[in-house]
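Right, one structure below, let's go through it.
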Amino acid sequence: MLGIGTTRDGQPVAPPRERQPKKAAQRDVHVDEGTRLQKVLAQAGVGSRRHCENLIAEGRVEVDGQIVSELGTRVDPETSVIHVDGARIQLDDTLVYIAFNKPTGVVSTMEDDMGRPSVGEYLEGRTERLFHVGRLDQDTEGLLLLTNDGDLANRLQHPRYGVEKVYLATIQGPVPRDLGKRLREGIELEDGPVKVDSFKVVDSQPGMALVEVVIHEGRNHIVRRMLEAVGHPVIALARPQVGPVKVGDLRPGKMRPLNKREVAALYKTAGL
């Protein structure tokens with residue numbers, strides 16, 4: 001006679017049930033004395049109050065890492081981190097984000113001891129304490145981001161986050177067919193190896209060529225040194241793009257505020 005829990009020889013034994021991991025408890029992000037979430041979103045320029053209510057009801061809004069779908073939720077605009085569809089919403093209206101097309105001949109400092117034209121001269125009259133995200137050498141024209149958002153600036157400059165910069169370089173030609181392959185595989189410089197994320201020839205003519213170099217390195221003069229090392233010194237260099245932000249039709253010496261979409265894209269690129 002079989003006892004309880006016993007089986008006959010050869011009788012299949014049911015596999016043990018897998019223990020399901022417990023779901024992490026939903027953290028309460030509601031702040032009793034806070035502001036209604038839909039109002040905070042509307043004031044941040046996400047859309048009308050009704051549109052923001054729909055976003056919340058559809059589960060497209062996160063507060064401090066938690067999806068919020070209740071319209072009665074209140075948050076603290078000064079401390080809450082809010083994302084809509086994965087893009088961070090900037091709630092601090094004291095933070096400034098500017099795209100500046102740095103001309104050639106201007107150094108990437110707020111003031112220069114040698115009396116050379118500097119970025120700081122283009123910011124005279126502004127009350128915010130702005131700083132530049134990374135640098136462009138004096139002879140390079142192009143996009144330089146200016147901000148007073150230290151957290152974002154540090155992330156954008158840290159090599160860990162691999163923020164890509166796009167350069168257009170006029171170099172001595174002709175360009176051999178395997179040059180892109182060599183640069184993608186990496187070359188050795190005096191301060192260590194370097195490789196590009198992508199490389200392509202945009203245009204060519206006798207004796208010179210225009211090439212696009214995409215790289216996330218931040219070492220000084222890295223594009224110039226790299227191209228010179230492979231036998232194609234740079235004649236002229238410009239940077240039209242940093243991460244998701246493009247200089248567009250902004251003329252050298254001019255600046256413009258970044259729009260909310262660009263700021264959100266920068267936050268996403270920086271993992272914030």
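Quick note on naming: the chains in the structure tokens go A, B, ... in the order shown, residues restart at 1 in each chain, and ligands are numbered from 1 in order of appearance.
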
So which residues of segment 11-246 of chain A fall under helix (DSSP H, G or I) by DSSP, listed as a VMD selection string? chain A and resid 37 to 43 49 to 57 119 to 123 150 to 157 159 to 161 179 to 185 222 to 229

Between atom CA of Asp137 of chain A and atom CA of Arg224 of chain A, what is the spacing in Å?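 Computed distance, atom CA of Arg224 of chain A to atom CA of Asp137 of chain A, equals 10.1 Å.
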
Could you pull the residues within 6 Å of segment 86-99 of chain A, counting only C-alpha atoms, minus those fewer than 6 positions along the same chain, as JSON, numbers by chain? {"A": [44, 145, 146, 147, 148, 149, 255, 256, 257, 258, 264]}

Using only C-alpha atoms, pick whichever of A:Leu143, A:Val61, A:Val194, A:Leu37 has the shortest atom-to-atom distance to Gly248 of chain A.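 Selected residue with least distance to Gly248 of chain A: A:Leu143.
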
Can you tell me which residues surround segment 154-158 of chain A at a distance of at most 9 Å, considering only C-alpha atoms, apart from same-chain residues fewer than 4 positions away, and format the answer as a ChimeraX atom specification? /A:133-134,149-150,162-163,218,243,266-267,269-272

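For segment 29-92 of chain A, backbone-based DSSP labels the following residues as strand (DSSP E): Thr35, Arg36, Val61, Glu62, Val63, Gln66, Ile67, Arg74, Val75, Ile82, His83, Val84, Ala87, Arg88 and Ile89 of chain A.
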
Store the residues picked out above, limited to N, CA, C and O atoms, as a JSON list (two decimals), in the first residue's frame.
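The file below, part-v3.json, is the result:
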```json
[["chain", "number", "residue", "atom", "x", "y", "z"],
["A", 35, "THR", "N", 2.24, 69.18, -5.28],
["A", 35, "THR", "CA", 1.42, 69.72, -6.37],
["A", 35, "THR", "C", 0.93, 68.56, -7.24],
["A", 35, "THR", "O", 1.67, 67.59, -7.45],
["A", 36, "ARG", "N", -0.32, 68.67, -7.71],
["A", 36, "ARG", "CA", -0.85, 67.60, -8.55],
["A", 36, "ARG", "C", 0.07, 67.36, -9.74],
["A", 36, "ARG", "O", 0.53, 68.30, -10.38],
["A", 61, "VAL", "N", 3.89, 57.95, -17.38],
["A", 61, "VAL", "CA", 4.62, 58.89, -16.53],
["A", 61, "VAL", "C", 5.26, 58.14, -15.37],
["A", 61, "VAL", "O", 4.61, 57.32, -14.71],
["A", 62, "GLU", "N", 6.54, 58.42, -15.13],
["A", 62, "GLU", "CA", 7.25, 57.86, -13.99],
["A", 62, "GLU", "C", 7.67, 58.97, -13.05],
["A", 62, "GLU", "O", 8.10, 60.04, -13.49],
["A", 63, "VAL", "N", 7.54, 58.71, -11.76],
["A", 63, "VAL", "CA", 8.01, 59.63, -10.74],
["A", 63, "VAL", "C", 8.98, 58.86, -9.85],
["A", 63, "VAL", "O", 8.61, 57.84, -9.26],
["A", 66, "GLN", "N", 8.98, 55.17, -10.41],
["A", 66, "GLN", "CA", 7.73, 54.44, -10.26],
["A", 66, "GLN", "C", 6.70, 54.94, -11.27],
["A", 66, "GLN", "O", 6.52, 56.16, -11.43],
["A", 67, "ILE", "N", 6.04, 54.02, -11.97],
["A", 67, "ILE", "CA", 4.96, 54.42, -12.88],
["A", 67, "ILE", "C", 3.78, 54.90, -12.06],
["A", 67, "ILE", "O", 3.34, 54.22, -11.12],
["A", 74, "ARG", "N", 0.19, 63.65, -5.90],
["A", 74, "ARG", "CA", 0.87, 64.93, -5.74],
["A", 74, "ARG", "C", 2.37, 64.69, -5.59],
["A", 74, "ARG", "O", 2.79, 63.70, -4.99],
["A", 75, "VAL", "N", 3.18, 65.59, -6.16],
["A", 75, "VAL", "CA", 4.64, 65.43, -6.12],
["A", 75, "VAL", "C", 5.28, 66.74, -5.70],
["A", 75, "VAL", "O", 4.63, 67.81, -5.72],
["A", 82, "ILE", "N", 10.97, 63.20, -12.79],
["A", 82, "ILE", "CA", 9.81, 62.77, -13.58],
["A", 82, "ILE", "C", 10.24, 62.48, -15.01],
["A", 82, "ILE", "O", 10.97, 63.26, -15.63],
["A", 83, "HIS", "N", 9.77, 61.33, -15.52],
["A", 83, "HIS", "CA", 10.00, 60.96, -16.92],
["A", 83, "HIS", "C", 8.65, 60.74, -17.59],
["A", 83, "HIS", "O", 7.73, 60.20, -16.98],
["A", 84, "VAL", "N", 8.55, 61.15, -18.85],
["A", 84, "VAL", "CA", 7.38, 60.86, -19.68],
["A", 84, "VAL", "C", 7.87, 60.10, -20.91],
["A", 84, "VAL", "O", 8.74, 60.59, -21.64],
["A", 87, "ALA", "N", 11.60, 59.92, -21.24],
["A", 87, "ALA", "CA", 12.37, 61.15, -21.36],
["A", 87, "ALA", "C", 12.18, 61.99, -20.10],
["A", 87, "ALA", "O", 11.05, 62.22, -19.67],
["A", 88, "ARG", "N", 13.27, 62.45, -19.53],
["A", 88, "ARG", "CA", 13.18, 63.23, -18.30],
["A", 88, "ARG", "C", 12.62, 64.62, -18.57],
["A", 88, "ARG", "O", 12.98, 65.27, -19.55],
["A", 89, "ILE", "N", 11.77, 65.07, -17.68],
["A", 89, "ILE", "CA", 11.17, 66.40, -17.77],
["A", 89, "ILE", "C", 11.91, 67.32, -16.79],
["A", 89, "ILE", "O", 11.98, 67.03, -15.60]]
```

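Across the model, the gap from atom CA of Asp64 of chain A to atom CA of Thr79 of chain A is 9.2 Å.
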
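For the pair atom CA of Leu55 of chain A and atom CA of Leu152 of chain A, the separation is 25.7 Å.
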
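Residues within 6 Å of Met110 of chain A, counting only C-alpha atoms and excluding same-chain residues fewer than 4 positions away, are Ser118, Val119 and Gly120 of chain A.
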
Can you spit out the residues from that selection as an mmCIF file, in the first residue's frame, using all heavy atoms?
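As a result, part18.cif now contains:
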```
data_model
loop_
_atom_site.group_PDB
_atom_site.id
_atom_site.type_symbol
_atom_site.label_atom_id
_atom_site.label_comp_id
_atom_site.auth_asym_id
_atom_site.auth_seq_id
_atom_site.Cartn_x
_atom_site.Cartn_y
_atom_site.Cartn_z
ATOM 1 N N SER A 118 37.535 84.794 -26.045
ATOM 2 C CA SER A 118 37.099 83.627 -25.294
ATOM 3 C C SER A 118 35.581 83.498 -25.337
ATOM 4 O O SER A 118 34.865 84.453 -25.683
ATOM 5 C CB SER A 118 37.559 83.726 -23.835
ATOM 6 O OG SER A 118 36.902 84.795 -23.176
ATOM 7 N N VAL A 119 35.115 82.318 -24.977
ATOM 8 C CA VAL A 119 33.671 82.064 -24.945
ATOM 9 C C VAL A 119 32.972 83.028 -23.999
ATOM 10 O O VAL A 119 31.857 83.496 -24.261
ATOM 11 C CB VAL A 119 33.400 80.597 -24.536
ATOM 12 C CG1 VAL A 119 31.913 80.371 -24.285
ATOM 13 C CG2 VAL A 119 33.907 79.638 -25.609
ATOM 14 N N GLY A 120 33.635 83.344 -22.873
ATOM 15 C CA GLY A 120 33.037 84.219 -21.882
ATOM 16 C C GLY A 120 32.618 85.569 -22.435
ATOM 17 O O GLY A 120 31.643 86.172 -21.947
#
```

The residue from A:Val202, A:Ile235, A:Ile215, A:Leu183 with the smallest atom-to-atom distance to Ile171 of chain A, counting only C-alpha atoms, is A:Ile235

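Minimum distance to Arg251 of chain A across A:Glu228, A:Glu141, A:Asp203, A:Asp178 (counting only C-alpha atoms) occurs at A:Glu141.
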